[in-house]
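Peer 1: So I've got this file, work_34.cif, and it contains mmCIF, C-alpha atoms and all ligand atoms:
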```cif
data_query
loop_
_atom_site.label_atom_id
_atom_site.label_comp_id
_atom_site.auth_asym_id
_atom_site.auth_seq_id
_atom_site.Cartn_x
_atom_site.Cartn_y
_atom_site.Cartn_z
CA MET A 165 55.36 41.15 87.50
CA THR A 166 57.84 38.30 86.84
CA THR A 167 58.01 34.80 88.30
CA LEU A 168 60.93 32.41 87.91
CA ILE A 169 60.33 28.67 88.24
CA LYS A 170 63.71 27.18 89.09
CA ASN A 171 64.89 23.60 88.62
CA ALA A 172 61.92 22.39 86.61
CA GLN A 173 62.05 19.07 84.80
CA ILE A 174 60.37 19.61 81.46
CA TRP A 175 59.75 17.11 78.67
CA GLN A 176 62.07 17.98 75.79
CA ASP A 177 63.47 15.78 73.00
CA ASP A 178 61.81 12.67 74.42
CA ARG A 179 63.19 12.99 77.92
CA LEU A 180 63.02 15.06 81.09
CA GLN A 181 65.54 17.92 81.16
CA THR A 182 66.22 20.50 83.86
CA ASN A 183 65.32 24.07 82.95
CA ASP A 184 64.18 27.32 84.49
CA ILE A 185 61.00 28.99 83.26
CA LEU A 186 60.60 32.75 83.38
CA ILE A 187 57.06 34.14 83.44
CA ALA A 188 56.32 37.79 82.71
CA ASP A 189 52.81 39.26 82.79
CA GLY A 190 51.19 35.83 82.76
CA ARG A 191 53.12 34.49 79.75
CA ILE A 192 56.19 32.33 79.35
CA LYS A 193 59.03 34.71 78.56
CA ALA A 194 61.98 32.31 78.50
CA ILE A 195 62.90 28.67 79.06
CA GLY A 196 66.51 27.69 79.69
CA GLN A 197 69.44 27.79 82.09
CA GLN A 198 70.74 30.73 84.11
CA LEU A 199 67.91 33.01 83.02
CA HIS A 200 68.93 35.28 85.88
CA ASP A 201 72.07 36.34 83.96
CA GLN A 202 70.05 37.38 80.95
CA PHE A 203 66.92 38.82 82.56
CA GLY A 204 67.97 39.85 86.07
CA PRO A 205 66.20 38.91 89.30
CA ALA A 206 62.52 37.93 89.19
CA ASP A 207 59.88 39.44 91.50
CA HIS A 208 58.91 35.99 92.72
CA VAL A 209 60.75 32.64 92.68
CA ILE A 210 59.16 29.19 92.81
CA CYS A 211 61.56 26.29 93.34
CA ALA A 212 60.26 23.29 91.42
CA ASP A 213 62.88 21.19 93.19
CA GLN A 214 63.51 18.93 90.16
CA HIS A 215 59.82 18.08 89.89
CA PHE A 216 58.06 17.68 86.55
CA VAL A 217 56.54 20.84 85.10
CA SER A 218 53.84 20.03 82.56
CA PRO A 219 51.87 22.22 80.22
CA GLY A 220 48.58 22.62 82.10
CA LEU A 221 46.28 19.66 81.51
CA VAL A 222 43.21 20.09 79.30
CA ASP A 223 39.97 18.18 79.91
CA VAL A 224 37.30 18.70 77.26
CA HIS A 225 34.59 16.80 79.17
CA VAL A 226 33.58 18.17 82.57
CA HIS A 227 30.20 18.67 84.29
CA LEU A 228 30.19 21.83 86.41
CA ARG A 229 26.42 21.58 87.23
CA ASP A 230 26.06 25.34 87.44
CA PRO A 231 23.42 26.74 87.10
CA GLY A 232 20.73 24.32 88.16
CA GLN A 233 22.40 21.69 90.35
CA THR A 234 24.80 23.67 92.49
CA GLU A 235 24.36 21.21 95.36
CA LYS A 236 26.52 18.86 93.23
CA GLU A 237 29.15 21.36 92.01
CA THR A 238 29.60 25.01 91.05
CA ILE A 239 31.79 26.79 88.54
CA ALA A 240 34.04 27.72 91.48
CA THR A 241 34.30 24.28 93.13
CA GLY A 242 34.55 22.32 89.87
CA THR A 243 37.35 24.51 88.55
CA LEU A 244 39.19 24.48 91.89
CA ALA A 245 38.99 20.68 91.72
CA ALA A 246 40.33 20.94 88.15
CA ALA A 247 43.30 23.01 89.35
CA HIS A 248 43.91 20.43 92.11
CA GLY A 249 43.97 17.77 89.38
CA GLY A 250 46.51 19.74 87.34
CA PHE A 251 44.05 21.01 84.73
CA THR A 252 44.24 24.59 83.50
CA THR A 253 41.48 24.38 80.87
CA VAL A 254 38.21 22.46 81.06
CA GLY A 255 35.32 22.09 78.62
CA ALA A 256 32.02 22.70 80.46
CA MET A 257 29.20 20.43 79.28
CA PRO A 258 25.81 22.07 78.67
CA ASN A 259 23.56 19.73 80.69
CA VAL A 260 22.82 22.52 83.14
CA ASP A 261 19.61 24.46 83.72
CA PRO A 262 19.01 26.64 81.78
CA VAL A 263 20.78 24.88 78.91
CA PRO A 264 23.15 27.20 77.00
CA ASP A 265 21.19 26.84 73.77
CA THR A 266 20.96 30.47 72.63
CA PRO A 267 23.67 33.07 71.96
CA GLU A 268 22.44 35.03 75.01
CA ARG A 269 22.65 32.06 77.36
CA VAL A 270 26.08 31.10 76.03
CA ALA A 271 27.28 34.68 76.54
CA THR A 272 26.02 34.58 80.13
CA MET A 273 27.93 31.34 80.78
CA VAL A 274 31.11 32.72 79.21
CA GLN A 275 30.88 35.80 81.40
CA ARG A 276 30.20 33.79 84.56
CA ASN A 277 33.08 31.42 83.77
CA GLN A 278 35.42 34.39 83.44
CA GLN A 279 34.30 35.80 86.77
CA GLU A 280 33.95 32.65 88.87
CA ALA A 281 36.31 29.98 87.52
CA HIS A 282 39.79 29.18 88.87
CA VAL A 283 40.96 27.81 85.50
CA HIS A 284 40.09 28.56 81.88
CA VAL A 285 36.66 27.26 80.91
CA ALA A 286 35.79 26.48 77.31
CA GLN A 287 32.01 26.55 77.08
CA TYR A 288 29.92 24.02 75.14
CA ALA A 289 26.59 25.06 73.67
CA SER A 290 24.01 22.35 73.14
CA ILE A 291 23.27 20.91 69.68
CA THR A 292 19.50 21.22 70.05
CA THR A 293 17.38 23.52 72.20
CA GLY A 294 16.84 22.10 75.68
CA ARG A 295 19.45 19.44 74.72
CA THR A 296 16.87 16.76 73.93
CA SER A 297 14.58 18.44 71.39
CA GLU A 298 14.96 18.12 67.63
CA GLN A 299 15.22 21.92 67.20
CA LEU A 300 18.74 23.02 66.23
CA VAL A 301 20.57 25.84 67.99
CA ASP A 302 21.82 28.90 66.05
CA PHE A 303 25.32 27.53 65.42
CA ALA A 304 26.84 30.76 64.09
CA GLY A 305 25.20 32.67 66.94
CA VAL A 306 26.45 30.41 69.74
CA LYS A 307 29.92 30.42 68.21
CA ALA A 308 29.94 34.22 68.06
CA ALA A 309 28.82 34.26 71.72
CA GLY A 310 31.90 32.24 72.68
CA ALA A 311 31.02 28.53 72.46
CA PHE A 312 34.01 26.40 71.39
CA ALA A 313 31.99 23.29 70.44
CA VAL A 314 28.49 21.83 70.63
CA SER A 315 27.26 18.73 72.47
CA ASN A 316 24.03 17.26 73.84
CA ASP A 317 26.04 15.26 76.38
CA GLY A 318 23.83 13.19 78.64
CA SER A 319 21.68 12.22 75.65
CA GLY A 320 22.21 11.01 72.10
CA VAL A 321 20.76 12.87 69.11
CA GLN A 322 18.03 10.42 68.24
CA THR A 323 17.20 10.93 64.58
CA ALA A 324 19.61 10.83 61.66
CA GLY A 325 17.87 13.78 60.03
CA THR A 326 18.44 16.03 63.04
CA MET A 327 22.03 14.86 63.43
CA PHE A 328 22.80 15.45 59.75
CA ALA A 329 21.33 18.97 59.79
CA ALA A 330 23.23 19.68 63.05
CA MET A 331 26.49 18.49 61.54
CA GLN A 332 25.97 20.66 58.47
CA GLY A 333 25.25 23.67 60.68
CA ALA A 334 28.20 23.01 62.99
CA ALA A 335 30.53 22.45 60.02
CA GLN A 336 29.48 25.72 58.46
CA ALA A 337 30.02 27.58 61.74
CA GLY A 338 33.38 25.87 62.28
CA LEU A 339 32.28 24.18 65.53
CA PRO A 340 33.34 20.65 66.51
CA LEU A 341 30.36 18.43 67.39
CA ALA A 342 30.99 16.21 70.43
CA ALA A 343 28.50 13.38 70.62
CA HIS A 344 27.20 11.37 73.53
CA VAL A 345 26.27 8.32 71.46
CA GLU A 346 23.25 6.44 72.69
CA ASP A 347 20.23 5.22 70.74
CA ASP A 348 17.22 5.43 73.05
CA SER A 349 15.30 2.87 70.97
CA LEU A 350 17.98 0.30 71.85
CA TYR A 351 18.27 1.40 75.47
CA GLN A 352 16.47 -0.90 77.88
CA HIS A 353 16.60 1.03 81.15
CA GLY A 354 19.85 -0.66 82.05
CA VAL A 355 22.06 0.45 84.93
CA MET A 356 25.26 -1.44 84.06
CA ASN A 357 26.80 -3.28 81.13
CA ALA A 358 24.63 -6.09 79.75
CA GLY A 359 26.27 -9.47 80.19
CA PRO A 360 26.99 -12.24 82.67
CA VAL A 361 27.89 -9.88 85.54
CA ALA A 362 24.60 -7.98 85.25
CA GLU A 363 22.74 -11.27 85.06
CA ARG A 364 24.45 -12.62 88.16
CA LEU A 365 23.68 -9.42 90.09
CA GLY A 366 20.11 -9.32 88.78
CA LEU A 367 20.59 -5.80 87.37
CA PRO A 368 19.22 -4.57 84.03
CA GLY A 369 21.88 -4.26 81.32
CA ILE A 370 22.94 -1.68 78.68
CA ASN A 371 23.95 -3.25 75.35
CA ASN A 372 27.11 -2.34 73.43
CA VAL A 373 25.00 -1.80 70.33
CA SER A 374 23.09 1.16 71.81
CA GLU A 375 26.40 3.06 71.55
CA ALA A 376 28.05 1.46 68.54
CA ALA A 377 25.03 1.67 66.21
CA GLN A 378 24.87 5.43 66.68
CA VAL A 379 28.63 5.82 66.12
CA ALA A 380 28.25 3.92 62.83
CA ARG A 381 25.37 6.16 61.76
CA ASP A 382 27.23 9.29 62.74
CA VAL A 383 30.48 8.59 60.89
CA MET A 384 28.48 8.29 57.67
CA LEU A 385 26.77 11.61 58.41
CA ALA A 386 30.11 13.18 59.39
CA GLU A 387 31.61 12.16 56.07
CA ALA A 388 28.71 13.63 54.13
CA SER A 389 28.68 16.87 56.15
CA GLY A 390 32.42 17.44 56.62
CA VAL A 391 32.01 18.29 60.32
CA HIS A 392 34.65 17.56 62.94
CA TYR A 393 32.79 14.75 64.70
CA HIS A 394 34.09 13.86 68.15
CA VAL A 395 32.87 10.79 70.05
CA CYS A 396 32.57 11.34 73.80
CA HIS A 397 33.59 8.62 76.29
CA VAL A 398 33.96 5.75 73.82
CA SER A 399 33.37 2.48 75.68
CA THR A 400 32.95 -0.47 73.33
CA ALA A 401 35.23 -2.48 71.05
CA GLU A 402 32.65 -2.15 68.25
CA SER A 403 32.56 1.67 68.44
CA LEU A 404 36.33 1.73 68.29
CA ARG A 405 36.38 -0.57 65.26
CA VAL A 406 34.03 1.78 63.43
CA ILE A 407 36.11 4.83 64.42
CA ARG A 408 39.32 3.15 63.29
CA ALA A 409 37.81 2.35 59.89
CA ALA A 410 36.40 5.88 59.58
CA LYS A 411 39.81 7.39 60.26
CA GLN A 412 41.37 5.11 57.66
CA ALA A 413 38.76 6.36 55.19
CA GLY A 414 39.85 9.94 55.90
CA ILE A 415 36.68 10.99 57.76
CA ASN A 416 37.20 13.81 60.28
CA VAL A 417 36.36 11.78 63.40
CA THR A 418 38.14 11.88 66.77
CA CYS A 419 37.35 10.29 70.11
CA GLU A 420 38.07 10.45 73.81
CA VAL A 421 38.23 7.75 76.45
CA SER A 422 37.62 8.21 80.18
CA PRO A 423 40.15 6.94 82.73
CA HIS A 424 37.53 4.69 84.33
CA HIS A 425 36.87 2.82 81.10
CA LEU A 426 40.61 2.16 80.77
CA LEU A 427 41.04 1.08 84.39
CA LEU A 428 37.89 -0.86 85.24
CA SER A 429 35.49 -3.34 83.67
CA ASP A 430 32.15 -4.81 84.68
CA THR A 431 33.93 -7.73 86.36
CA ASP A 432 35.05 -5.18 88.99
CA ILE A 433 31.38 -4.83 89.96
CA THR A 434 31.16 -7.58 92.54
CA MET A 435 28.01 -6.28 94.19
CA ASP A 436 25.30 -3.68 93.61
CA ASN A 437 27.53 -0.59 93.97
CA PRO A 438 26.36 2.90 92.88
CA MET A 439 29.98 4.19 92.85
CA LEU A 440 30.50 2.03 89.76
CA LYS A 441 27.44 3.35 87.94
CA MET A 442 28.04 5.65 85.01
CA ASN A 443 26.93 6.13 81.43
CA PRO A 444 28.34 4.61 79.30
CA PRO A 445 28.83 1.80 81.80
CA LEU A 446 32.01 -0.10 82.63
CA ARG A 447 32.11 -2.67 79.83
CA SER A 448 33.50 -6.19 79.55
CA PRO A 449 37.21 -6.98 80.01
CA GLN A 450 37.37 -7.51 76.22
CA ASP A 451 36.04 -3.99 75.60
CA ARG A 452 38.50 -2.60 78.12
CA ALA A 453 41.37 -4.40 76.37
CA ALA A 454 40.21 -2.93 73.04
CA LEU A 455 40.18 0.58 74.53
CA ILE A 456 43.72 0.14 75.86
CA ALA A 457 44.83 -1.12 72.43
CA GLY A 458 43.12 1.89 70.84
CA LEU A 459 44.89 4.24 73.23
CA LEU A 460 48.26 2.69 72.45
CA ASP A 461 47.80 2.59 68.65
CA GLY A 462 46.48 6.16 68.44
CA THR A 463 42.89 5.36 67.40
CA ILE A 464 41.87 7.08 70.62
CA ASP A 465 42.92 10.71 70.33
CA ILE A 466 42.63 12.01 73.88
CA ILE A 467 41.77 11.25 77.49
CA ALA A 468 38.83 13.18 79.02
CA THR A 469 37.45 12.59 82.50
CA ASP A 470 33.65 13.01 82.19
CA HIS A 471 33.88 14.45 85.72
CA ALA A 472 30.27 13.98 86.88
CA PRO A 473 29.78 15.00 90.53
CA HIS A 474 26.65 13.97 92.40
CA THR A 475 25.53 14.29 96.02
CA ASP A 476 26.23 11.42 98.44
CA ALA A 477 22.50 10.70 98.67
CA GLU A 478 22.27 10.20 94.89
CA LYS A 479 25.16 7.71 94.97
CA THR A 480 24.03 5.49 97.82
CA GLY A 481 21.55 2.62 97.83
CA SER A 482 21.10 0.51 94.71
CA MET A 483 22.46 0.96 91.20
CA LYS A 484 18.83 0.69 90.14
CA THR A 485 18.05 4.14 91.55
CA ALA A 486 21.43 5.92 91.89
CA ALA A 487 22.54 8.68 89.50
CA PHE A 488 24.82 7.90 86.54
CA GLY A 489 28.32 9.36 86.77
CA ILE A 490 31.53 9.56 88.78
CA THR A 491 34.02 12.32 89.52
CA GLY A 492 37.43 12.18 87.87
CA ILE A 493 39.19 15.49 87.49
CA GLU A 494 41.22 15.18 90.70
CA THR A 495 42.33 11.60 90.07
CA ALA A 496 42.88 11.46 86.29
CA PHE A 497 46.55 12.35 86.08
CA ALA A 498 47.67 10.10 88.94
CA THR A 499 45.62 7.11 87.84
CA MET A 500 46.72 7.43 84.20
CA TYR A 501 50.36 8.05 85.10
CA THR A 502 50.41 5.06 87.44
CA ALA A 503 48.66 2.68 85.05
CA PHE A 504 50.37 3.70 81.80
CA VAL A 505 53.63 5.55 82.39
CA LYS A 506 54.92 3.73 85.48
CA THR A 507 54.28 0.49 83.58
CA ARG A 508 56.04 1.86 80.47
CA LEU A 509 53.04 1.38 78.20
CA LEU A 510 53.19 5.12 77.39
CA THR A 511 55.96 7.68 77.75
CA LEU A 512 55.33 10.68 79.97
CA GLY A 513 55.45 12.84 76.84
CA ARG A 514 52.74 10.79 75.17
CA LEU A 515 50.51 10.99 78.27
CA ILE A 516 50.89 14.78 78.21
CA GLU A 517 49.91 14.79 74.53
CA LEU A 518 46.79 12.78 75.39
CA MET A 519 45.86 14.98 78.38
CA SER A 520 46.98 18.43 77.22
CA THR A 521 48.44 19.07 73.77
CA ARG A 522 46.04 17.04 71.63
CA PRO A 523 42.76 18.04 73.31
CA ALA A 524 43.78 21.69 72.90
CA GLU A 525 44.68 21.18 69.24
CA LEU A 526 41.58 19.14 68.37
CA PHE A 527 39.22 21.72 69.84
CA GLY A 528 41.04 24.81 68.58
CA LEU A 529 41.98 25.99 72.10
CA LYS A 530 44.90 27.98 70.74
CA ASP A 531 46.38 29.19 74.02
CA ALA A 532 46.16 25.84 75.86
CA GLY A 533 48.41 22.80 75.98
CA LYS A 534 51.71 24.56 75.26
CA LEU A 535 54.86 24.99 77.28
CA VAL A 536 56.65 27.33 74.87
CA VAL A 537 57.91 30.90 74.90
CA GLY A 538 55.04 33.29 74.25
CA ALA A 539 52.28 30.95 75.47
CA PRO A 540 50.21 31.74 78.58
CA ALA A 541 51.88 30.41 81.74
CA ASP A 542 49.38 27.60 82.29
CA LEU A 543 51.65 25.14 84.08
CA THR A 544 51.39 22.25 86.51
CA ILE A 545 54.13 21.13 88.90
CA ILE A 546 53.83 17.41 89.67
CA ASP A 547 55.79 15.19 92.07
CA LEU A 548 55.97 12.03 89.96
CA ASP A 549 57.68 9.91 92.59
CA HIS A 550 55.35 10.54 95.49
CA GLU A 551 53.22 7.48 96.20
CA TYR A 552 49.99 8.11 98.07
CA LYS A 553 46.47 6.77 98.47
CA ILE A 554 43.62 8.67 96.83
CA ASP A 555 41.73 10.27 99.66
CA ALA A 556 38.19 11.69 99.65
CA THR A 557 39.01 14.27 102.30
CA SER A 558 41.60 15.97 100.06
CA MET A 559 39.14 16.45 97.20
CA LEU A 560 38.02 19.97 96.38
CA SER A 561 35.05 18.94 94.24
CA LYS A 562 31.70 18.93 96.01
CA GLY A 563 31.29 15.38 94.70
CA HIS A 564 33.03 12.48 96.41
CA ASN A 565 31.58 9.86 94.09
CA SER A 566 34.88 8.34 92.98
CA PRO A 567 35.54 4.61 92.65
CA PHE A 568 39.27 5.35 93.01
CA ILE A 569 39.22 6.33 96.69
CA GLY A 570 41.88 4.26 98.48
CA TRP A 571 43.80 3.42 95.27
CA PRO A 572 47.58 3.68 95.64
CA VAL A 573 48.96 5.99 92.95
CA TYR A 574 52.00 8.03 91.94
CA GLY A 575 51.91 11.61 90.67
CA ASN A 576 50.92 14.31 93.12
CA VAL A 577 50.02 17.77 91.79
CA LEU A 578 51.94 20.31 93.87
CA MET A 579 50.98 23.52 92.12
CA THR A 580 48.87 24.69 89.19
CA LEU A 581 49.45 28.07 87.58
CA VAL A 582 46.89 29.71 85.32
CA ASP A 583 48.18 32.74 83.41
CA GLY A 584 51.12 32.72 85.83
CA GLN A 585 48.89 32.96 88.93
CA MET A 586 48.60 30.13 91.45
CA ALA A 587 45.21 28.44 90.98
CA TYR A 588 46.14 25.57 93.29
CA GLY A 589 49.18 25.12 95.47
CA LYS A 590 50.30 23.50 98.66
CA GLU A 591 51.33 26.93 99.97
CA GLN A 592 47.75 28.07 99.53
CA GLN A 593 46.46 24.92 101.23
CA ALA A 594 48.50 25.33 104.40
N1 LIG A 601 28.49 10.10 82.42
C1 LIG A 601 27.48 10.06 83.27
O1 LIG A 601 27.18 8.98 83.78
N2 LIG A 601 26.76 11.14 83.60
C2 LIG A 601 26.89 12.46 83.06
C3 LIG A 601 26.24 12.58 81.71
C4 LIG A 601 27.05 12.04 80.57
O2 LIG A 601 28.27 12.23 80.50
O3 LIG A 601 26.48 11.44 79.65
C5 LIG A 601 26.26 13.43 84.04
O4 LIG A 601 25.99 14.58 83.66
O5 LIG A 601 26.10 13.05 85.20
ZN ZN A 602 27.78 11.45 78.03
ZN ZN A 603 29.51 13.70 80.38
#
```
Now, as a test, write the supplied structure out as structure tokens.
Ligand SMILES: NC(=O)N[C@@H](CC(=O)O)C(=O)O
Ligand SMILES: [Zn+2]
Ligand SMILES: [Zn+2]
Peer 2:
Amino acid sequence: MTTLIKNAQIWQDDRLQTNDILIADGRIKAIGQQLHDQFGPADHVICADQHFVSPGLVDVHVHLRDPGQTEKETIATGTLAAAHGGFTTVGAMPNVDPVPDTPERVATMVQRNQQEAHVHVAQYASITTGRTSEQLVDFAGVKAAGAFAVSNDGSGVQTAGTMFAAMQGAAQAGLPLAAHVEDDSLYQHGVMNAGPVAERLGLPGINNVSEAAQVARDVMLAEASGVHYHVCHVSTAESLRVIRAAKQAGINVTCEVSPHHLLLSDTDITMDNPMLKMNPPLRSPQDRAALIAGLLDGTIDIIATDHAPHTDAEKTGSMKTAAFGITGIETAFATMYTAFVKTRLLTLGRLIELMSTRPAELFGLKDAGKLVVGAPADLTIIDLDHEYKIDATSMLSKGHNSPFIGWPVYGNVLMTLVDGQMAYGKEQQA
């Protein structure tokens, strides 16, 4: 079975260039002009119509909620939403029930992902059993069962002793350790960033130091253990300063930022609004400016969405009682493209590095993030010039808890191919 994508604009030598892409048996067989002359007619032709064809996007931080909270999302709906957002590989966080904290449970998740997902799913195991205990998982065992990394996302690892032993175990097994950084002893039951906005709204605040202090602890432990330490959803200027210094010292630390922390700050919270509640919270405009600077100077390695679907009921009422988290996988490319590429802060090529190539490389996802001959045909066709308003009714996630609904953006995903098969496409939608 062969498919020819005609008139694709692909990013080559720092600019968009028109090419055809020939796919055979799910892999890219050739990229170039007049492939018909060399290879003969294809079984199936897709006309990209001079639209941008990207290597499929890679998001290493996604909550699929399955098993345990399938009213919020399932493997099927979350990965269909991912395909709609242009993603062909997602990292599934382990805050599900039961937690994938044993080789058997990881193997079950890997098998279910293969059967039920619309895109590739890289499966996280937890760092500790049940995700919040101090009992380490069998790192070699969960790796052998198919986990690509470990994380206790949703909670920080509270004691240095546990974190150090975990890092040593993960390093030995060759697993990256992705940390949700939050020191519970500094956490004061806040629901938004601590500061003047929280005070004005009469809402309890979350300090910057509850994140940054744990990052500082962890980079020391990462240096001593040699693990690949990855900071999830970095949100404060102080955390970034510590990460920058750690990188300069040659410590193997990387970090991700979420689109919402780049696009919004606590000053956008003008009233008690659960759609703007997430953990870590939207920080001050100064923190946001530091994150943008870190993205532009390369201190921030990748963009990851922290797609966190919840039911409508859990996201209405007051921030005091609503659930933490917002969706993001269907809006990430358009919001990032509009804010950073349209404004010429980043090139399109650099955005694709941040959202595809680099996350795949950092997490050892060998087949992902590549638009080259021989790689799997994980490709996304995007209309970069189409301006539209983000619309809840077009979302394929079960969660509609997005603060970006109504935002005018550019960059509409037309089709997503996974292993050469259409995982999302307008044809399929009609
Ligand atoms: N980010 C959030 O606010 N919530 C996440 C957990 C997490 O990423 O820490 C969730 O699972 O809902
Ligand atoms: Zn988290
Ligand atoms: Zn998360």
Peer 1: Find the residue from A:Asp184, A:Asp189, A:Asp207, A:Glu420 that sits nearest to ligand ZN 603 (chain A); use all atoms listed in the file when measuring.
Peer 2: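 Looking only at the distances to ligand ZN 603 (chain A), the closest residue turns out to be A:Glu420.
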Peer 1: Can you list, as a PDB file with C-alpha atoms, keeping the file's coordinate frame, every protein, DNA or RNA residue that comes within 8 Å of Ile187 (chain A) when you count all atoms listed in the file, leaving out same-chain residues fewer than 6 positions away?
Peer 2:
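Output file result.pdb follows:
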```
ATOM      1  CA  THR A 166      57.840  38.300  86.840  1.00  0.00           C
ATOM      2  CA  THR A 167      58.010  34.800  88.300  1.00  0.00           C
ATOM      3  CA  LEU A 168      60.930  32.410  87.910  1.00  0.00           C
ATOM      4  CA  ILE A 169      60.330  28.670  88.240  1.00  0.00           C
ATOM      5  CA  LYS A 193      59.030  34.710  78.560  1.00  0.00           C
ATOM      6  CA  ALA A 194      61.980  32.310  78.500  1.00  0.00           C
ATOM      7  CA  ALA A 541      51.880  30.410  81.740  1.00  0.00           C
ATOM      8  CA  GLY A 584      51.120  32.720  85.830  1.00  0.00           C
TER       9      GLY A 584
END
```
Peer 1: CA of His215 (chain A) and CA of Glu551 (chain A), how far apart in Å?
Peer 2: 14.0 Å
Peer 1: Counting all atoms listed in the file, what residues are within 10 Å of ligand ZN 602 (chain A), given as a ChimeraX atom specification?
Peer 2: /A:225-227,257,259,315-320,342-346,395-398,442-444,470,472,488-489
Peer 1: For CA of Leu244 (chain A) and CA of Glu525 (chain A), determine how far apart the two atoms are, in Å to one decimal place.
Peer 2: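 CA of Glu525 (chain A) lies 23.5 Å from CA of Leu244 (chain A).
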Peer 1: Can you find the residues with an atom no farther than 10 Å from (59.6, 12.4, 91.9), counting all atoms listed in the file, and report them as a list in words?
Peer 2: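 Checking each residue against the 10 Å limit leaves Asp213, Gln214, His215, Phe216, Ile546, Asp547, Leu548, Asp549, His550, Glu551, Tyr574, Gly575 and Asn576 of chain A.
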Peer 1: Hey, can you check how far CA of Gly305 (chain A) sits from CA of Gly333 (chain A)?
Peer 2: 11.0 Å
